[in-house]
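Data block below; observations after.
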There are 2 protein chains.
Amino acid sequence: MLALAACLASARPVITSGKNPVVKALRRLESRRHRERDGLLLLEGLRLVTDALDAGFCAETVLVAEALLAQQPGLQRVLAALPAGVVSLADEAALAAACTTVSPQGIVAAVRMPERTGALPDAASLVLVLDNLSDPGNVGTLVRGAAGFGCDAVVALGACADAWSPKALRSAMGGTFRLPIVPAQEWAQLRAQLQRAGLRVLAADGGVAASDYAAVDWRAPLAVVIGSEATGLSEAVRADLAAGSVCAVGIPMAAGLDSLNAAMAGTVLLSECARQRRGNTARSG
Amino acid sequence: MLALAACLASARPVITSGKNPVVKALRRLESRRHRERDGLLLLEGLRLVTDALDAGFCAETVLVAEALLAQQPGLQRVLAALPAGVVSLADEAALAAACTTVSPQGIVAAVRMPERTGALPDAASLVLVLDNLSDPGNVGTLVRGAAGFGCDAVVALGACADAWSPKALRSAMGGTFRLPIVPAQEWAQLRAQLQRAGLRVLAADGGVAASDYAAVDWRAPLAVVIGSEATGLSEAVRADLAAGSVCAVGIPMAAGLDSLNAAMAGTVLLSECARQRRGNTARSG
């Protein structure tokens, strides 16, 4: 038996039942209500757990299979550094019962959620606003793009799907641990906040009045709003588009095709911003 | 009762059983083997069915709910133009039994698959190659991007997930009907074909040797290869990268983050190609 595994097994029994209260407490974190009440996230799989610990997230509970420890010397070092009582060995049945995925990957953890304030980071120069997106996979994909393309924060506006759900965390592939996720109830307040921060506001829009996104200067500080999959931008944002205080940007598509889905449209806009800010001079003409 | 509905109901009974042979034949098209044997696709929902018919696809069987016909005068006109015997009324239970989605949308159809040759369209100037992608959602998303950003064809290389599966068709949102999907067994043959067609070959690659995609000239005729979600580019493509006959392009990301997923990376590359070809002169500097 491995040193860490022996040490863990001597401290407390290996968890072998899906009815174990620790397992049940983890599984409850699938629900947003429980996550927010307990202030904890559910992380499944080696990649997400180690990304969160690397990013300084604080683990409350870790269940791990002995077989995974044996394969992953790096994981042993990471887990051995956690406070006593946080890590327990568990068998496959207990891990499966704690997980929302069909094939648990040998490790599952509850980590403390970051403080959720409504404040934007100081001196933000690029903020992505998710306007009532309903699909957690799209939310996660956009969080991943935001982290990869250098956003300072992602704002979850209104009834946006939770970026801390297991599905959104999986799609974000660690991006969620790299930048603040800021909740915002109302567009009017958020718009005032963005304006105070000196950010120009762009919104992705498939309408004919939208400017070609690639003809826009993305180098000044700005916020970009992505509308929901089913209904697009919310009414309050649309009203500001009509009033001219928000600028509509569109992605030109082949004739007869609808605009891209929310995740792909957001990814294209963020990539263009990053391209311009990198100072790429490749151009057509 | 509506005129079309009355006409349909007089011609044949409303289908009300999930065990009806027509329903069972439709549902079997969820399987790739049955689709290829029968040469038919399964389309679910108003949007996909009307997109396919608009694009000239030939319907063999359509089951429709009377309630949907009542709501959609345009659909009535489209269905009334189909040959006798193709369209039948069905109730909710029969439609649900024919569908792979949880909430059937009142219409399901089998349409004839386009001829699957291995030939590229003449004078292609942009071809997207999907190198053994395994996720049908990613395949569909990339087909949609390819159609939207002006590709002439999508090549499904090796064991690529089927672009004609219900899930890929849903993600492609009609893009599949807008450009040829070309099967290719082996990279060596495909590469020769691309070279004969005068296409330079680029491949998305997260390695440090890759060129910044935005510093590459995308205006010349070219093919772009996207690797699989789990294992990236296939070995044969990697060998050509090493040999210099394929050019690696990468998307610069924030430090410490892995490359984007396959669908996002492909969408970003195609959008850059379209941007350069549109002649956008927005640049940083």
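Residues are named by chain letter and number: chains run A, B, ... in the order of the structure tokens, numbers start at 1 in each chain, and ligands are numbered from 1 in the order shown.
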Present chain B as a PDB file with C-alpha atoms, in the first residue's frame, least-squares fitted onto chain A over all of its C-alpha atoms paired in order.
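Below you can see selection.pdb, which holds the result:
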```pdb
ATOM      1  CA  MET B   1       0.040   0.035   0.010  1.00  0.00           C
ATOM      2  CA  LEU B   2       1.199   3.551  -0.774  1.00  0.00           C
ATOM      3  CA  ALA B   3       2.409   5.710   2.103  1.00  0.00           C
ATOM      4  CA  LEU B   4      -0.391   8.259   1.721  1.00  0.00           C
ATOM      5  CA  ALA B   5      -3.005   5.558   1.227  1.00  0.00           C
ATOM      6  CA  ALA B   6      -1.754   3.696   4.311  1.00  0.00           C
ATOM      7  CA  CYS B   7      -1.846   6.885   6.327  1.00  0.00           C
ATOM      8  CA  LEU B   8      -5.373   7.695   5.137  1.00  0.00           C
ATOM      9  CA  ALA B   9      -6.616   4.164   5.739  1.00  0.00           C
ATOM     10  CA  SER B  10      -5.205   4.152   9.275  1.00  0.00           C
ATOM     11  CA  ALA B  11      -6.903   7.468  10.078  1.00  0.00           C
ATOM     12  CA  ARG B  12     -10.401   6.508   8.903  1.00  0.00           C
ATOM     13  CA  PRO B  13     -12.135   3.631   7.173  1.00  0.00           C
ATOM     14  CA  VAL B  14     -12.288   3.486   3.361  1.00  0.00           C
ATOM     15  CA  ILE B  15     -15.701   4.781   2.298  1.00  0.00           C
ATOM     16  CA  THR B  16     -17.548   1.992   0.524  1.00  0.00           C
ATOM     17  CA  SER B  17     -21.190   2.987   0.651  1.00  0.00           C
ATOM     18  CA  GLY B  18     -23.209   5.406  -1.448  1.00  0.00           C
ATOM     19  CA  LYS B  19     -25.238   6.016   1.714  1.00  0.00           C
ATOM     20  CA  ASN B  20     -22.250   7.343   3.633  1.00  0.00           C
ATOM     21  CA  PRO B  21     -23.157  10.869   4.827  1.00  0.00           C
ATOM     22  CA  VAL B  22     -20.006  12.345   3.254  1.00  0.00           C
ATOM     23  CA  VAL B  23     -20.988  10.865  -0.116  1.00  0.00           C
ATOM     24  CA  LYS B  24     -24.534  12.145   0.235  1.00  0.00           C
ATOM     25  CA  ALA B  25     -23.327  15.645   1.194  1.00  0.00           C
ATOM     26  CA  LEU B  26     -21.122  15.742  -1.929  1.00  0.00           C
ATOM     27  CA  ARG B  27     -23.858  14.548  -4.236  1.00  0.00           C
ATOM     28  CA  ARG B  28     -26.249  17.200  -2.932  1.00  0.00           C
ATOM     29  CA  LEU B  29     -23.865  19.826  -4.364  1.00  0.00           C
ATOM     30  CA  GLU B  30     -25.239  18.962  -7.792  1.00  0.00           C
ATOM     31  CA  SER B  31     -28.062  21.326  -6.810  1.00  0.00           C
ATOM     32  CA  ARG B  32     -27.447  25.076  -7.045  1.00  0.00           C
ATOM     33  CA  ARG B  33     -29.490  25.660  -3.899  1.00  0.00           C
ATOM     34  CA  HIS B  34     -27.235  23.352  -1.892  1.00  0.00           C
ATOM     35  CA  ARG B  35     -24.070  24.821  -3.403  1.00  0.00           C
ATOM     36  CA  GLU B  36     -25.129  28.316  -2.414  1.00  0.00           C
ATOM     37  CA  ARG B  37     -26.348  27.299   1.035  1.00  0.00           C
ATOM     38  CA  ASP B  38     -23.144  25.384   1.813  1.00  0.00           C
ATOM     39  CA  GLY B  39     -20.819  27.731  -0.097  1.00  0.00           C
ATOM     40  CA  LEU B  40     -19.226  24.675  -1.729  1.00  0.00           C
ATOM     41  CA  LEU B  41     -18.571  23.397  -5.280  1.00  0.00           C
ATOM     42  CA  LEU B  42     -18.560  19.793  -6.481  1.00  0.00           C
ATOM     43  CA  LEU B  43     -15.499  18.929  -8.589  1.00  0.00           C
ATOM     44  CA  GLU B  44     -15.198  15.634 -10.434  1.00  0.00           C
ATOM     45  CA  GLY B  45     -12.093  14.171 -11.994  1.00  0.00           C
ATOM     46  CA  LEU B  46      -8.367  14.676 -11.668  1.00  0.00           C
ATOM     47  CA  ARG B  47      -8.132  17.657 -13.983  1.00  0.00           C
ATOM     48  CA  LEU B  48     -10.743  19.843 -12.286  1.00  0.00           C
ATOM     49  CA  VAL B  49      -9.664  18.938  -8.746  1.00  0.00           C
ATOM     50  CA  THR B  50      -5.987  19.661  -9.379  1.00  0.00           C
ATOM     51  CA  ASP B  51      -6.758  22.845 -11.365  1.00  0.00           C
ATOM     52  CA  ALA B  52      -8.833  24.179  -8.460  1.00  0.00           C
ATOM     53  CA  LEU B  53      -6.196  23.300  -5.844  1.00  0.00           C
ATOM     54  CA  ASP B  54      -3.446  24.811  -8.034  1.00  0.00           C
ATOM     55  CA  ALA B  55      -5.516  27.993  -8.270  1.00  0.00           C
ATOM     56  CA  GLY B  56      -5.650  28.191  -4.456  1.00  0.00           C
ATOM     57  CA  PHE B  57      -9.204  26.958  -3.900  1.00  0.00           C
ATOM     58  CA  CYS B  58      -9.701  25.482  -0.437  1.00  0.00           C
ATOM     59  CA  ALA B  59     -10.753  21.799  -0.319  1.00  0.00           C
ATOM     60  CA  GLU B  60     -13.246  20.772   2.366  1.00  0.00           C
ATOM     61  CA  THR B  61     -13.603  17.121   1.345  1.00  0.00           C
ATOM     62  CA  VAL B  62     -11.751  14.903  -1.130  1.00  0.00           C
ATOM     63  CA  LEU B  63     -12.686  11.291  -1.912  1.00  0.00           C
ATOM     64  CA  VAL B  64     -10.078   9.422  -3.918  1.00  0.00           C
ATOM     65  CA  ALA B  65      -9.601   5.874  -5.215  1.00  0.00           C
ATOM     66  CA  GLU B  66      -6.424   4.122  -4.109  1.00  0.00           C
ATOM     67  CA  ALA B  67      -5.851   3.053  -7.729  1.00  0.00           C
ATOM     68  CA  LEU B  68      -5.751   6.683  -8.879  1.00  0.00           C
ATOM     69  CA  LEU B  69      -3.274   7.613  -6.144  1.00  0.00           C
ATOM     70  CA  ALA B  70      -1.033   4.769  -7.276  1.00  0.00           C
ATOM     71  CA  GLN B  71      -1.053   6.096 -10.861  1.00  0.00           C
ATOM     72  CA  GLN B  72      -0.508   9.755  -9.972  1.00  0.00           C
ATOM     73  CA  PRO B  73       2.505  10.591  -7.811  1.00  0.00           C
ATOM     74  CA  GLY B  74       1.817  14.311  -8.376  1.00  0.00           C
ATOM     75  CA  LEU B  75      -1.668  13.905  -6.958  1.00  0.00           C
ATOM     76  CA  GLN B  76      -0.250  12.186  -3.866  1.00  0.00           C
ATOM     77  CA  ARG B  77       1.949  15.197  -3.174  1.00  0.00           C
ATOM     78  CA  VAL B  78      -0.935  17.630  -3.640  1.00  0.00           C
ATOM     79  CA  LEU B  79      -3.283  15.678  -1.361  1.00  0.00           C
ATOM     80  CA  ALA B  80      -0.631  15.044   1.289  1.00  0.00           C
ATOM     81  CA  ALA B  81      -0.345  18.833   1.697  1.00  0.00           C
ATOM     82  CA  LEU B  82      -4.027  19.216   2.620  1.00  0.00           C
ATOM     83  CA  PRO B  83      -5.114  19.475   6.280  1.00  0.00           C
ATOM     84  CA  ALA B  84      -5.802  16.247   8.193  1.00  0.00           C
ATOM     85  CA  GLY B  85      -9.306  14.911   7.765  1.00  0.00           C
ATOM     86  CA  VAL B  86      -9.961  16.433   4.337  1.00  0.00           C
ATOM     87  CA  VAL B  87      -8.946  13.408   2.221  1.00  0.00           C
ATOM     88  CA  SER B  88     -10.572   9.968   2.471  1.00  0.00           C
ATOM     89  CA  LEU B  89     -10.125   6.829   0.418  1.00  0.00           C
ATOM     90  CA  ALA B  90     -13.281   5.631  -1.319  1.00  0.00           C
ATOM     91  CA  ASP B  91     -14.127   2.663  -3.497  1.00  0.00           C
ATOM     92  CA  GLU B  92     -15.658   2.829  -6.961  1.00  0.00           C
ATOM     93  CA  ALA B  93     -19.247   2.482  -5.753  1.00  0.00           C
ATOM     94  CA  ALA B  94     -18.928   5.347  -3.291  1.00  0.00           C
ATOM     95  CA  LEU B  95     -17.222   7.568  -5.906  1.00  0.00           C
ATOM     96  CA  ALA B  96     -19.933   6.776  -8.448  1.00  0.00           C
ATOM     97  CA  ALA B  97     -22.603   7.695  -5.903  1.00  0.00           C
ATOM     98  CA  ALA B  98     -20.931  11.059  -5.211  1.00  0.00           C
ATOM     99  CA  CYS B  99     -20.581  11.970  -8.913  1.00  0.00           C
ATOM    100  CA  THR B 100     -22.963  13.420 -11.480  1.00  0.00           C
ATOM    101  CA  THR B 101     -21.009  11.925 -14.402  1.00  0.00           C
ATOM    102  CA  VAL B 102     -21.617   8.408 -15.628  1.00  0.00           C
ATOM    103  CA  SER B 103     -17.984   7.347 -15.388  1.00  0.00           C
ATOM    104  CA  PRO B 104     -16.390   8.754 -12.252  1.00  0.00           C
ATOM    105  CA  GLN B 105     -12.689   9.327 -12.671  1.00  0.00           C
ATOM    106  CA  GLY B 106     -11.372   8.211  -9.302  1.00  0.00           C
ATOM    107  CA  ILE B 107     -11.585  11.529  -7.475  1.00  0.00           C
ATOM    108  CA  VAL B 108     -14.285  13.916  -6.349  1.00  0.00           C
ATOM    109  CA  ALA B 109     -13.994  16.962  -4.098  1.00  0.00           C
ATOM    110  CA  ALA B 110     -15.960  19.713  -2.422  1.00  0.00           C
ATOM    111  CA  VAL B 111     -14.104  23.026  -2.443  1.00  0.00           C
ATOM    112  CA  ARG B 112     -15.083  26.365  -0.995  1.00  0.00           C
ATOM    113  CA  MET B 113     -16.739  28.761  -3.447  1.00  0.00           C
ATOM    114  CA  PRO B 114     -15.037  32.100  -3.893  1.00  0.00           C
ATOM    115  CA  GLU B 115     -16.716  35.079  -2.245  1.00  0.00           C
ATOM    116  CA  ARG B 116     -19.488  36.267  -4.568  1.00  0.00           C
ATOM    117  CA  THR B 117     -19.495  40.045  -4.598  1.00  0.00           C
ATOM    118  CA  GLY B 118     -21.097  42.061  -7.352  1.00  0.00           C
ATOM    119  CA  ALA B 119     -17.941  44.129  -7.828  1.00  0.00           C
ATOM    120  CA  LEU B 120     -15.897  44.160 -11.024  1.00  0.00           C
ATOM    121  CA  PRO B 121     -12.126  43.858 -10.685  1.00  0.00           C
ATOM    122  CA  ASP B 122     -10.279  47.191 -10.623  1.00  0.00           C
ATOM    123  CA  ALA B 123      -8.939  48.446 -13.942  1.00  0.00           C
ATOM    124  CA  ALA B 124     -10.743  45.758 -15.962  1.00  0.00           C
ATOM    125  CA  SER B 125     -10.137  46.152 -19.675  1.00  0.00           C
ATOM    126  CA  LEU B 126     -12.280  43.257 -20.988  1.00  0.00           C
ATOM    127  CA  VAL B 127     -15.450  41.909 -19.369  1.00  0.00           C
ATOM    128  CA  LEU B 128     -17.742  39.245 -20.835  1.00  0.00           C
ATOM    129  CA  VAL B 129     -21.432  39.577 -19.890  1.00  0.00           C
ATOM    130  CA  LEU B 130     -23.601  36.449 -20.199  1.00  0.00           C
ATOM    131  CA  ASP B 131     -27.135  37.784 -20.599  1.00  0.00           C
ATOM    132  CA  ASN B 132     -29.490  35.117 -19.219  1.00  0.00           C
ATOM    133  CA  LEU B 133     -27.830  32.157 -20.976  1.00  0.00           C
ATOM    134  CA  SER B 134     -29.697  28.973 -20.148  1.00  0.00           C
ATOM    135  CA  ASP B 135     -27.304  26.212 -21.214  1.00  0.00           C
ATOM    136  CA  PRO B 136     -24.590  25.357 -18.670  1.00  0.00           C
ATOM    137  CA  GLY B 137     -22.409  23.887 -21.444  1.00  0.00           C
ATOM    138  CA  ASN B 138     -22.440  27.245 -23.254  1.00  0.00           C
ATOM    139  CA  VAL B 139     -21.725  29.091 -20.006  1.00  0.00           C
ATOM    140  CA  GLY B 140     -18.737  26.826 -19.358  1.00  0.00           C
ATOM    141  CA  THR B 141     -17.449  27.107 -22.929  1.00  0.00           C
ATOM    142  CA  LEU B 142     -17.630  30.897 -22.733  1.00  0.00           C
ATOM    143  CA  VAL B 143     -15.905  30.990 -19.321  1.00  0.00           C
ATOM    144  CA  ARG B 144     -13.127  28.912 -20.889  1.00  0.00           C
ATOM    145  CA  GLY B 145     -12.893  31.298 -23.835  1.00  0.00           C
ATOM    146  CA  ALA B 146     -12.928  34.290 -21.492  1.00  0.00           C
ATOM    147  CA  ALA B 147     -10.040  32.876 -19.451  1.00  0.00           C
ATOM    148  CA  GLY B 148      -8.111  31.909 -22.590  1.00  0.00           C
ATOM    149  CA  PHE B 149      -8.549  35.232 -24.379  1.00  0.00           C
ATOM    150  CA  GLY B 150      -7.656  37.425 -21.417  1.00  0.00           C
ATOM    151  CA  CYS B 151     -10.964  38.636 -19.952  1.00  0.00           C
ATOM    152  CA  ASP B 152     -10.733  40.187 -16.498  1.00  0.00           C
ATOM    153  CA  ALA B 153     -14.167  38.913 -15.394  1.00  0.00           C
ATOM    154  CA  VAL B 154     -17.318  37.143 -16.547  1.00  0.00           C
ATOM    155  CA  VAL B 155     -20.628  38.652 -15.443  1.00  0.00           C
ATOM    156  CA  ALA B 156     -23.617  36.292 -15.064  1.00  0.00           C
ATOM    157  CA  LEU B 157     -26.611  38.546 -15.708  1.00  0.00           C
ATOM    158  CA  GLY B 158     -30.134  37.775 -14.547  1.00  0.00           C
ATOM    159  CA  ALA B 159     -31.193  34.128 -14.690  1.00  0.00           C
ATOM    160  CA  CYS B 160     -27.939  32.972 -16.309  1.00  0.00           C
ATOM    161  CA  ALA B 161     -27.147  29.264 -15.816  1.00  0.00           C
ATOM    162  CA  ASP B 162     -24.763  28.724 -12.911  1.00  0.00           C
ATOM    163  CA  ALA B 163     -21.078  28.754 -13.884  1.00  0.00           C
ATOM    164  CA  TRP B 164     -20.428  26.583 -10.808  1.00  0.00           C
ATOM    165  CA  SER B 165     -22.665  23.673 -11.863  1.00  0.00           C
ATOM    166  CA  PRO B 166     -20.835  20.402 -12.567  1.00  0.00           C
ATOM    167  CA  LYS B 167     -21.664  20.632 -16.293  1.00  0.00           C
ATOM    168  CA  ALA B 168     -20.493  24.245 -16.659  1.00  0.00           C
ATOM    169  CA  LEU B 169     -17.317  23.451 -14.696  1.00  0.00           C
ATOM    170  CA  ARG B 170     -16.565  20.524 -17.012  1.00  0.00           C
ATOM    171  CA  SER B 171     -17.053  22.645 -20.160  1.00  0.00           C
ATOM    172  CA  ALA B 172     -14.888  25.429 -18.716  1.00  0.00           C
ATOM    173  CA  MET B 173     -11.996  22.986 -18.158  1.00  0.00           C
ATOM    174  CA  GLY B 174     -10.453  24.996 -15.352  1.00  0.00           C
ATOM    175  CA  GLY B 175     -11.223  28.446 -16.781  1.00  0.00           C
ATOM    176  CA  THR B 176     -13.680  29.058 -13.920  1.00  0.00           C
ATOM    177  CA  PHE B 177     -10.772  29.075 -11.445  1.00  0.00           C
ATOM    178  CA  ARG B 178      -8.874  31.713 -13.415  1.00  0.00           C
ATOM    179  CA  LEU B 179     -11.119  34.755 -13.333  1.00  0.00           C
ATOM    180  CA  PRO B 180     -13.936  36.158 -11.183  1.00  0.00           C
ATOM    181  CA  ILE B 181     -17.537  35.210 -11.981  1.00  0.00           C
ATOM    182  CA  VAL B 182     -19.570  38.273 -10.991  1.00  0.00           C
ATOM    183  CA  PRO B 183     -23.331  37.967 -10.402  1.00  0.00           C
ATOM    184  CA  ALA B 184     -25.586  40.821 -11.571  1.00  0.00           C
ATOM    185  CA  GLN B 185     -29.343  41.007 -11.081  1.00  0.00           C
ATOM    186  CA  GLU B 186     -30.333  43.922 -13.297  1.00  0.00           C
ATOM    187  CA  TRP B 187     -28.931  45.318 -16.529  1.00  0.00           C
ATOM    188  CA  ALA B 188     -29.471  48.960 -15.525  1.00  0.00           C
ATOM    189  CA  GLN B 189     -27.236  48.600 -12.474  1.00  0.00           C
ATOM    190  CA  LEU B 190     -24.642  46.595 -14.364  1.00  0.00           C
ATOM    191  CA  ARG B 191     -24.550  49.122 -17.207  1.00  0.00           C
ATOM    192  CA  ALA B 192     -23.927  51.932 -14.710  1.00  0.00           C
ATOM    193  CA  GLN B 193     -21.143  49.856 -13.139  1.00  0.00           C
ATOM    194  CA  LEU B 194     -19.538  49.184 -16.537  1.00  0.00           C
ATOM    195  CA  GLN B 195     -19.736  52.866 -17.436  1.00  0.00           C
ATOM    196  CA  ARG B 196     -18.185  53.931 -14.115  1.00  0.00           C
ATOM    197  CA  ALA B 197     -15.360  51.500 -14.885  1.00  0.00           C
ATOM    198  CA  GLY B 198     -14.816  53.269 -18.209  1.00  0.00           C
ATOM    199  CA  LEU B 199     -15.832  50.280 -20.340  1.00  0.00           C
ATOM    200  CA  ARG B 200     -17.515  50.776 -23.695  1.00  0.00           C
ATOM    201  CA  VAL B 201     -20.355  48.244 -24.117  1.00  0.00           C
ATOM    202  CA  LEU B 202     -20.713  46.071 -27.240  1.00  0.00           C
ATOM    203  CA  ALA B 203     -23.445  43.467 -27.697  1.00  0.00           C
ATOM    204  CA  ALA B 204     -23.486  40.547 -30.136  1.00  0.00           C
ATOM    205  CA  ASP B 205     -26.512  40.967 -32.374  1.00  0.00           C
ATOM    206  CA  GLY B 206     -27.587  39.267 -35.582  1.00  0.00           C
ATOM    207  CA  GLY B 207     -29.578  42.282 -36.808  1.00  0.00           C
ATOM    208  CA  VAL B 208     -28.808  44.130 -40.036  1.00  0.00           C
ATOM    209  CA  ALA B 209     -27.910  47.326 -38.147  1.00  0.00           C
ATOM    210  CA  ALA B 210     -24.987  45.630 -36.372  1.00  0.00           C
ATOM    211  CA  SER B 211     -21.430  46.639 -37.259  1.00  0.00           C
ATOM    212  CA  ASP B 212     -19.087  43.963 -38.628  1.00  0.00           C
ATOM    213  CA  TYR B 213     -17.267  42.881 -35.455  1.00  0.00           C
ATOM    214  CA  ALA B 214     -13.964  42.824 -37.315  1.00  0.00           C
ATOM    215  CA  ALA B 215     -14.297  46.474 -38.309  1.00  0.00           C
ATOM    216  CA  VAL B 216     -14.617  47.519 -34.647  1.00  0.00           C
ATOM    217  CA  ASP B 217     -11.626  48.648 -32.565  1.00  0.00           C
ATOM    218  CA  TRP B 218     -11.371  46.171 -29.682  1.00  0.00           C
ATOM    219  CA  ARG B 219      -8.302  47.706 -28.065  1.00  0.00           C
ATOM    220  CA  ALA B 220     -10.052  50.230 -25.822  1.00  0.00           C
ATOM    221  CA  PRO B 221     -11.446  48.912 -22.486  1.00  0.00           C
ATOM    222  CA  LEU B 222     -14.791  47.253 -23.160  1.00  0.00           C
ATOM    223  CA  ALA B 223     -17.525  44.858 -22.100  1.00  0.00           C
ATOM    224  CA  VAL B 224     -19.176  42.483 -24.570  1.00  0.00           C
ATOM    225  CA  VAL B 225     -22.690  41.110 -24.002  1.00  0.00           C
ATOM    226  CA  ILE B 226     -23.785  37.708 -25.350  1.00  0.00           C
ATOM    227  CA  GLY B 227     -27.534  37.003 -25.466  1.00  0.00           C
ATOM    228  CA  SER B 228     -29.329  33.791 -24.581  1.00  0.00           C
ATOM    229  CA  GLU B 229     -29.599  30.795 -26.897  1.00  0.00           C
ATOM    230  CA  ALA B 230     -33.362  30.979 -27.322  1.00  0.00           C
ATOM    231  CA  THR B 231     -34.265  34.655 -27.088  1.00  0.00           C
ATOM    232  CA  GLY B 232     -31.061  36.585 -27.732  1.00  0.00           C
ATOM    233  CA  LEU B 233     -30.324  39.811 -25.875  1.00  0.00           C
ATOM    234  CA  SER B 234     -32.694  40.703 -23.049  1.00  0.00           C
ATOM    235  CA  GLU B 235     -35.159  43.556 -23.447  1.00  0.00           C
ATOM    236  CA  ALA B 236     -33.228  45.981 -21.256  1.00  0.00           C
ATOM    237  CA  VAL B 237     -30.075  45.499 -23.359  1.00  0.00           C
ATOM    238  CA  ARG B 238     -32.094  45.849 -26.590  1.00  0.00           C
ATOM    239  CA  ALA B 239     -33.512  49.141 -25.340  1.00  0.00           C
ATOM    240  CA  ASP B 240     -29.953  50.434 -24.870  1.00  0.00           C
ATOM    241  CA  LEU B 241     -29.013  49.231 -28.365  1.00  0.00           C
ATOM    242  CA  ALA B 242     -31.938  51.198 -29.757  1.00  0.00           C
ATOM    243  CA  ALA B 243     -30.924  54.228 -27.689  1.00  0.00           C
ATOM    244  CA  GLY B 244     -27.353  53.991 -28.955  1.00  0.00           C
ATOM    245  CA  SER B 245     -25.686  53.603 -25.550  1.00  0.00           C
ATOM    246  CA  VAL B 246     -24.720  50.009 -26.446  1.00  0.00           C
ATOM    247  CA  CYS B 247     -23.114  49.214 -29.809  1.00  0.00           C
ATOM    248  CA  ALA B 248     -24.385  46.177 -31.796  1.00  0.00           C
ATOM    249  CA  VAL B 249     -21.698  43.988 -33.362  1.00  0.00           C
ATOM    250  CA  GLY B 250     -22.476  41.140 -35.745  1.00  0.00           C
ATOM    251  CA  ILE B 251     -20.548  38.296 -37.342  1.00  0.00           C
ATOM    252  CA  PRO B 252     -21.179  38.224 -41.107  1.00  0.00           C
ATOM    253  CA  MET B 253     -22.458  34.807 -42.217  1.00  0.00           C
ATOM    254  CA  ALA B 254     -23.187  33.144 -45.548  1.00  0.00           C
ATOM    255  CA  ALA B 255     -26.545  34.175 -46.978  1.00  0.00           C
ATOM    256  CA  GLY B 256     -29.567  32.424 -45.538  1.00  0.00           C
ATOM    257  CA  LEU B 257     -27.877  31.148 -42.399  1.00  0.00           C
ATOM    258  CA  ASP B 258     -28.855  32.243 -38.920  1.00  0.00           C
ATOM    259  CA  SER B 259     -26.265  33.667 -36.615  1.00  0.00           C
ATOM    260  CA  LEU B 260     -23.878  31.336 -34.781  1.00  0.00           C
ATOM    261  CA  ASN B 261     -24.862  29.877 -31.434  1.00  0.00           C
ATOM    262  CA  ALA B 262     -24.042  31.806 -28.264  1.00  0.00           C
ATOM    263  CA  ALA B 263     -20.826  29.934 -27.424  1.00  0.00           C
ATOM    264  CA  MET B 264     -19.429  30.196 -30.952  1.00  0.00           C
ATOM    265  CA  ALA B 265     -20.350  33.867 -31.369  1.00  0.00           C
ATOM    266  CA  GLY B 266     -18.788  34.804 -28.027  1.00  0.00           C
ATOM    267  CA  THR B 267     -15.629  32.838 -28.796  1.00  0.00           C
ATOM    268  CA  VAL B 268     -15.225  34.536 -32.183  1.00  0.00           C
ATOM    269  CA  LEU B 269     -15.642  38.009 -30.641  1.00  0.00           C
ATOM    270  CA  LEU B 270     -13.183  37.310 -27.817  1.00  0.00           C
ATOM    271  CA  SER B 271     -10.649  35.876 -30.254  1.00  0.00           C
ATOM    272  CA  GLU B 272     -10.857  39.037 -32.384  1.00  0.00           C
ATOM    273  CA  CYS B 273     -10.315  41.185 -29.312  1.00  0.00           C
ATOM    274  CA  ALA B 274      -7.258  39.135 -28.339  1.00  0.00           C
ATOM    275  CA  ARG B 275      -5.970  39.257 -31.927  1.00  0.00           C
ATOM    276  CA  GLN B 276      -6.187  43.034 -32.084  1.00  0.00           C
ATOM    277  CA  ARG B 277      -4.671  43.451 -28.630  1.00  0.00           C
ATOM    278  CA  ARG B 278      -1.763  41.144 -29.499  1.00  0.00           C
ATOM    279  CA  GLY B 279      -0.945  43.568 -32.266  1.00  0.00           C
ATOM    280  CA  ASN B 280      -1.367  41.162 -35.175  1.00  0.00           C
ATOM    281  CA  THR B 281      -0.908  42.992 -38.394  1.00  0.00           C
ATOM    282  CA  ALA B 282      -2.080  40.220 -40.725  1.00  0.00           C
ATOM    283  CA  ARG B 283      -4.614  41.902 -42.920  1.00  0.00           C
ATOM    284  CA  SER B 284      -6.337  41.540 -46.156  1.00  0.00           C
ATOM    285  CA  GLY B 285      -6.364  44.208 -48.690  1.00  0.00           C
TER     286      GLY B 285
END
```
Helix (DSSP H, G or I) positions in range 64-264 of chain A, given as a count of residues only: 69
